[in-house]
Amino acid sequence: DGGITQSPKYLFRKEGQNVTLSCEQNLNHDAMYWYRQDPGQGLRLIYYSQIVNDFQKGDIAEGYSVSREKKESFPLTVTSAQKNPTAFYLCASSGSLETQYFGPGTRLLVL
Amino acid sequence: QKEVEQDPGPLSVPEGAIVSLNCTYSNSAFQYFMWYRQYSRKGPELLMYTYSSGNKEDGRFTAQVDKSSKYISLFIRDSQPSDSATYLCAMSTGGFKTIFGAGTRLFVKA
């Protein structure tokens with residue numbers, strides 16, 4: 001059963017804490033993406049990766065970091081430098097440049 | 001001005017109605033146009049994908065692209081309560097960056 005999984009579904013962050021969101025895909029896609037979704041706004045690109053061991057900043061990369069050590073995995077770390085982290089985070093992957101397939105999302109809340 | 005503009009709604013229609021959802025854009029280099037459906041607290045799912053201008057039909061859904069007007073539409077025929085969701089338009093020049101609209105919330109009343 002191919003698809004994209006994200007975990008956890010909900011994540012709570014204390015002030016000053018770094019947290020990591022998991023994203024795994026078994027679609028054999030080369031490209032993976034992280035987006036942030038806030039109410040009333042479109043998806044905003046945080047980071048993307050075209051191949052293993054390579055990634056580029058998106059429009060709102062400040063306060064976030066990523067790694068791409070395996071084709072299947074693209075974890076996102078929300079660092080303490082991100083002052084407004086409360087949002088719905090979506091991971092996506094793509095086998096062609098035009099169409100992206102999304103995971104179920106992780107909702108991050110600040111305690 | 002945003003690259004992609006989409007009316008956030010909400011749009012409320014009775015069951016069985018024809019729904020029209022629209023987006024306008026400013027970048028004439030966009031060649032690929034997508035519509036995603038997103039249920040509450042879920043990830044978006046790809047509904048329709050169109051390259052360049054023209055129409056594409058899939059069941060009750062029809063996507064239209066008018067590049068001369070920089071305007072795209074999604075039509076839903078015989079709308080059902082299960083169509084209630086947020087619909088996101090998206091477009092790309094063919095590179096790795098896709099621009100998404102803010103989404104239109106649709107409610108279909110039984």
# chains A, B, ... in the order shown; residues from 1 in each chain; ligands from 1

call {"tool": "interface_residues", "arguments": {"of": "chain A", "to": "chain B", "cutoff": "7 Å", "atoms": "only C-alpha atoms", "output": "PDB file with N, CA and C atoms, in the first residue's frame"}}
result
ATOM      1  N   GLY A  40      -6.600  30.342   6.431  1.00  0.00           N
ATOM      2  CA  GLY A  40      -6.822  31.420   5.478  1.00  0.00           C
ATOM      3  C   GLY A  40      -5.657  31.694   4.554  1.00  0.00           C
ATOM      4  N   GLN A  41      -4.607  30.892   4.656  1.00  0.00           N
ATOM      5  CA  GLN A  41      -3.445  31.100   3.790  1.00  0.00           C
ATOM      6  C   GLN A  41      -3.187  29.856   2.959  1.00  0.00           C
ATOM      7  N   GLY A  42      -2.565  30.050   1.830  1.00  0.00           N
ATOM      8  CA  GLY A  42      -2.166  28.917   1.006  1.00  0.00           C
ATOM      9  C   GLY A  42      -1.015  28.169   1.646  1.00  0.00           C
ATOM     10  N   LEU A  43      -0.629  27.083   1.039  1.00  0.00           N
ATOM     11  CA  LEU A  43       0.520  26.325   1.513  1.00  0.00           C
ATOM     12  C   LEU A  43       1.798  27.117   1.233  1.00  0.00           C
ATOM     13  N   LEU A  90       2.622  19.941   6.428  1.00  0.00           N
ATOM     14  CA  LEU A  90       2.337  18.939   5.407  1.00  0.00           C
ATOM     15  C   LEU A  90       3.602  18.558   4.665  1.00  0.00           C
ATOM     16  N   LEU A  97       7.452  16.601 -11.882  1.00  0.00           N
ATOM     17  CA  LEU A  97       7.596  17.946 -11.327  1.00  0.00           C
ATOM     18  C   LEU A  97       6.265  18.605 -11.023  1.00  0.00           C
ATOM     19  N   GLU A  98       5.202  18.160 -11.690  1.00  0.00           N
ATOM     20  CA  GLU A  98       3.971  18.931 -11.629  1.00  0.00           C
ATOM     21  C   GLU A  98       3.025  18.494 -10.521  1.00  0.00           C
ATOM     22  N   TYR A 101       2.014  14.614  -4.021  1.00  0.00           N
ATOM     23  CA  TYR A 101       1.132  13.794  -3.208  1.00  0.00           C
ATOM     24  C   TYR A 101       1.452  14.059  -1.751  1.00  0.00           C
ATOM     25  N   PHE A 102       0.404  14.298  -0.974  1.00  0.00           N
ATOM     26  CA  PHE A 102       0.576  14.775   0.382  1.00  0.00           C
ATOM     27  C   PHE A 102       0.343  13.699   1.425  1.00  0.00           C
ATOM     28  N   GLY A 103       1.014  13.857   2.557  1.00  0.00           N
ATOM     29  CA  GLY A 103       0.742  13.052   3.728  1.00  0.00           C
ATOM     30  C   GLY A 103      -0.431  13.611   4.500  1.00  0.00           C
ATOM     31  N   PRO A 104      -0.790  12.973   5.623  1.00  0.00           N
ATOM     32  CA  PRO A 104      -1.965  13.391   6.395  1.00  0.00           C
ATOM     33  C   PRO A 104      -1.734  14.614   7.267  1.00  0.00           C
ATOM     34  N   GLY A 105      -0.482  15.040   7.437  1.00  0.00           N
ATOM     35  CA  GLY A 105      -0.204  16.266   8.190  1.00  0.00           C
ATOM     36  C   GLY A 105       0.102  16.034   9.656  1.00  0.00           C
TER      37      GLY A 105
END

call {"tool": "select_by_dssp", "arguments": {"residues": "range 30-88 of chain B", "states": "strand (DSSP E)", "output": "MDAnalysis selection string"}}
result
chainID B and resid 32:38 45:51 54:58 61:66 71:76 85:88

call {"tool": "write_last_selection", "arguments": {"atoms": "C-alpha atoms", "output": "CSV table (one decimal), in the first residue's frame"}}
result
chain,number,residue,atom,x,y,z
B,32,TYR,CA,0.6,23.1,-15.2
B,33,PHE,CA,-2.6,23.6,-13.3
B,34,MET,CA,-3.9,21.4,-10.5
B,35,TRP,CA,-6.9,21.1,-8.2
B,36,TYR,CA,-6.6,19.5,-4.7
B,37,ARG,CA,-9.4,18.6,-2.3
B,38,GLN,CA,-8.7,18.9,1.4
B,45,GLU,CA,-5.5,15.0,-2.3
B,46,LEU,CA,-4.9,15.6,-6.0
B,47,LEU,CA,-8.2,15.8,-8.0
B,48,MET,CA,-7.4,17.1,-11.4
B,49,TYR,CA,-4.2,18.0,-13.4
B,50,THR,CA,-4.2,19.9,-16.6
B,51,TYR,CA,-1.3,21.0,-18.9
B,54,GLY,CA,-8.3,23.5,-22.4
B,55,ASN,CA,-10.7,21.3,-20.6
B,56,LYS,CA,-10.4,18.0,-18.7
B,57,GLU,CA,-13.2,15.9,-17.4
B,58,ASP,CA,-13.2,13.2,-14.8
B,61,PHE,CA,-15.4,17.1,-12.2
B,62,THR,CA,-14.3,19.3,-15.0
B,63,ALA,CA,-11.2,21.5,-15.0
B,64,GLN,CA,-10.9,24.5,-17.4
B,65,VAL,CA,-7.9,26.6,-18.1
B,66,ASP,CA,-8.0,29.9,-19.9
B,71,TYR,CA,-8.2,32.1,-15.1
B,72,ILE,CA,-8.8,28.5,-14.1
B,73,SER,CA,-12.0,26.8,-13.0
B,74,LEU,CA,-13.2,23.6,-11.4
B,75,PHE,CA,-16.8,22.5,-12.0
B,76,ILE,CA,-18.5,19.9,-9.9
B,85,ALA,CA,-14.2,20.3,1.7
B,86,THR,CA,-11.7,23.0,0.9
B,87,TYR,CA,-10.5,23.1,-2.7
B,88,LEU,CA,-7.0,24.4,-3.5

call {"tool": "residues_around", "arguments": {"residues": "range 94-96 of chain A", "least_positions_apart": "4", "cutoff": "8 Å", "atoms": "only C-alpha atoms", "output": "ChimeraX atom specification"}}
result
/A:28-32,100-101

call {"tool": "write_last_selection", "arguments": {"atoms": "N, CA and C atoms", "output": "PDB file, in the first residue's frame"}}
result
ATOM      1  N   ASN A  28       8.676   5.688  -4.031  1.00  0.00           N
ATOM      2  CA  ASN A  28       9.904   5.750  -4.827  1.00  0.00           C
ATOM      3  C   ASN A  28      10.058   7.092  -5.543  1.00  0.00           C
ATOM      4  N   HIS A  29       9.549   8.147  -4.918  1.00  0.00           N
ATOM      5  CA  HIS A  29       9.668   9.487  -5.489  1.00  0.00           C
ATOM      6  C   HIS A  29      11.012  10.103  -5.136  1.00  0.00           C
ATOM      7  N   ASP A  30      11.565  10.841  -6.083  1.00  0.00           N
ATOM      8  CA  ASP A  30      12.838  11.510  -5.819  1.00  0.00           C
ATOM      9  C   ASP A  30      12.657  12.792  -5.008  1.00  0.00           C
ATOM     10  N   ALA A  31      11.617  13.561  -5.319  1.00  0.00           N
ATOM     11  CA  ALA A  31      11.446  14.875  -4.705  1.00  0.00           C
ATOM     12  C   ALA A  31      10.526  14.807  -3.490  1.00  0.00           C
ATOM     13  N   MET A  32      10.894  15.544  -2.454  1.00  0.00           N
ATOM     14  CA  MET A  32      10.058  15.651  -1.250  1.00  0.00           C
ATOM     15  C   MET A  32      10.027  17.107  -0.812  1.00  0.00           C
ATOM     16  N   GLN A 100       2.110  16.713  -6.891  1.00  0.00           N
ATOM     17  CA  GLN A 100       2.621  16.335  -5.589  1.00  0.00           C
ATOM     18  C   GLN A 100       1.564  15.557  -4.826  1.00  0.00           C
ATOM     19  N   TYR A 101       2.014  14.614  -4.021  1.00  0.00           N
ATOM     20  CA  TYR A 101       1.132  13.794  -3.208  1.00  0.00           C
ATOM     21  C   TYR A 101       1.452  14.059  -1.751  1.00  0.00           C
TER      22      TYR A 101
END

call {"tool": "atom_distance", "arguments": {"atom1": "CA of Gly63 in chain A", "atom2": "CA of Ser80 in chain A"}}
result
7.0 Å

call {"tool": "atom_distance", "arguments": {"atom1": "CA of Gln37 in chain A", "atom2": "CA of Gly16 in chain A"}}
result
21.9 Å

call {"tool": "closest_residue", "arguments": {"among": "B:Ala29, B:Cys23, B:Leu106, B:Leu11", "to": "Ser84 in chain B", "atoms": "only C-alpha atoms"}}
result
B:Leu106

call {"tool": "residues_around", "arguments": {"residues": "Val13 in chain B", "least_positions_apart": "6", "cutoff": "12 Å", "atoms": "only C-alpha atoms", "output": "list of chain:residue names"}}
result
B:Val19, B:Ser20, B:Ile76, B:Arg77, B:Asp78, B:Ser79, B:Gln80, B:Pro81, B:Asp83, B:Ser84, B:Arg105, B:Leu106, B:Phe107, B:Val108, B:Lys109, B:Ala110

call {"tool": "write_last_selection", "arguments": {"atoms": "N, CA, C and O atoms", "output": "compact mmCIF listing (two decimals), in the first residue's frame"}}
result
# COMPACT_ATOMS: atom_id res chain seq x y z
N VAL B 19 -21.38 23.33 -9.00
CA VAL B 19 -20.47 24.22 -8.27
C VAL B 19 -19.39 24.71 -9.20
O VAL B 19 -18.83 23.95 -10.00
N SER B 20 -19.08 25.99 -9.11
CA SER B 20 -17.99 26.57 -9.89
C SER B 20 -16.96 27.19 -8.93
O SER B 20 -17.29 28.06 -8.14
N ILE B 76 -18.08 21.17 -10.46
CA ILE B 76 -18.54 19.93 -9.86
C ILE B 76 -20.02 19.80 -10.18
O ILE B 76 -20.83 20.65 -9.78
N ARG B 77 -20.37 18.75 -10.91
CA ARG B 77 -21.77 18.50 -11.25
C ARG B 77 -22.41 17.61 -10.19
O ARG B 77 -21.73 16.80 -9.55
N ASP B 78 -23.74 17.75 -10.03
CA ASP B 78 -24.48 16.91 -9.10
C ASP B 78 -23.74 16.83 -7.75
O ASP B 78 -23.39 15.75 -7.27
N SER B 79 -23.51 17.97 -7.16
CA SER B 79 -22.71 18.03 -5.93
C SER B 79 -23.37 17.22 -4.81
O SER B 79 -24.61 17.14 -4.70
N GLN B 80 -22.53 16.62 -4.00
CA GLN B 80 -22.95 15.75 -2.90
C GLN B 80 -22.41 16.29 -1.58
O GLN B 80 -21.39 16.97 -1.56
N PRO B 81 -23.07 15.98 -0.47
CA PRO B 81 -22.54 16.41 0.84
C PRO B 81 -21.09 15.97 1.06
O PRO B 81 -20.32 16.67 1.72
N ASP B 83 -18.82 16.14 -0.98
CA ASP B 83 -17.92 17.08 -1.67
C ASP B 83 -17.55 18.26 -0.76
O ASP B 83 -16.71 19.09 -1.13
N SER B 84 -18.19 18.35 0.39
CA SER B 84 -17.88 19.45 1.31
C SER B 84 -16.44 19.34 1.78
O SER B 84 -16.03 18.37 2.40
N ARG B 105 -13.56 27.18 0.73
CA ARG B 105 -14.33 26.22 1.53
C ARG B 105 -15.71 26.04 0.90
O ARG B 105 -16.42 27.01 0.64
N LEU B 106 -16.08 24.80 0.65
CA LEU B 106 -17.35 24.46 0.03
C LEU B 106 -18.19 23.64 1.00
O LEU B 106 -17.69 22.69 1.60
N PHE B 107 -19.45 24.02 1.14
CA PHE B 107 -20.42 23.26 1.93
C PHE B 107 -21.56 22.85 1.00
O PHE B 107 -22.17 23.71 0.36
N VAL B 108 -21.86 21.57 0.94
CA VAL B 108 -22.98 21.07 0.16
C VAL B 108 -24.03 20.56 1.15
O VAL B 108 -23.79 19.61 1.90
N LYS B 109 -25.19 21.21 1.13
CA LYS B 109 -26.23 20.91 2.10
C LYS B 109 -27.16 19.82 1.58
O LYS B 109 -27.66 19.91 0.46
N ALA B 110 -27.41 18.82 2.43
CA ALA B 110 -28.32 17.73 2.04
C ALA B 110 -29.77 18.19 2.06
O ALA B 110 -30.13 19.13 2.81

call {"tool": "closest_residue", "arguments": {"among": "A:Asn84, A:Gln50, A:Thr99, A:Ser67", "to": "Leu111 in chain A", "atoms": "only C-alpha atoms"}}
result
A:Asn84

call {"tool": "atom_distance", "arguments": {"atom1": "CA of Phe30 in chain B", "atom2": "CA of Ser93 in chain A"}}
result
20.2 Å
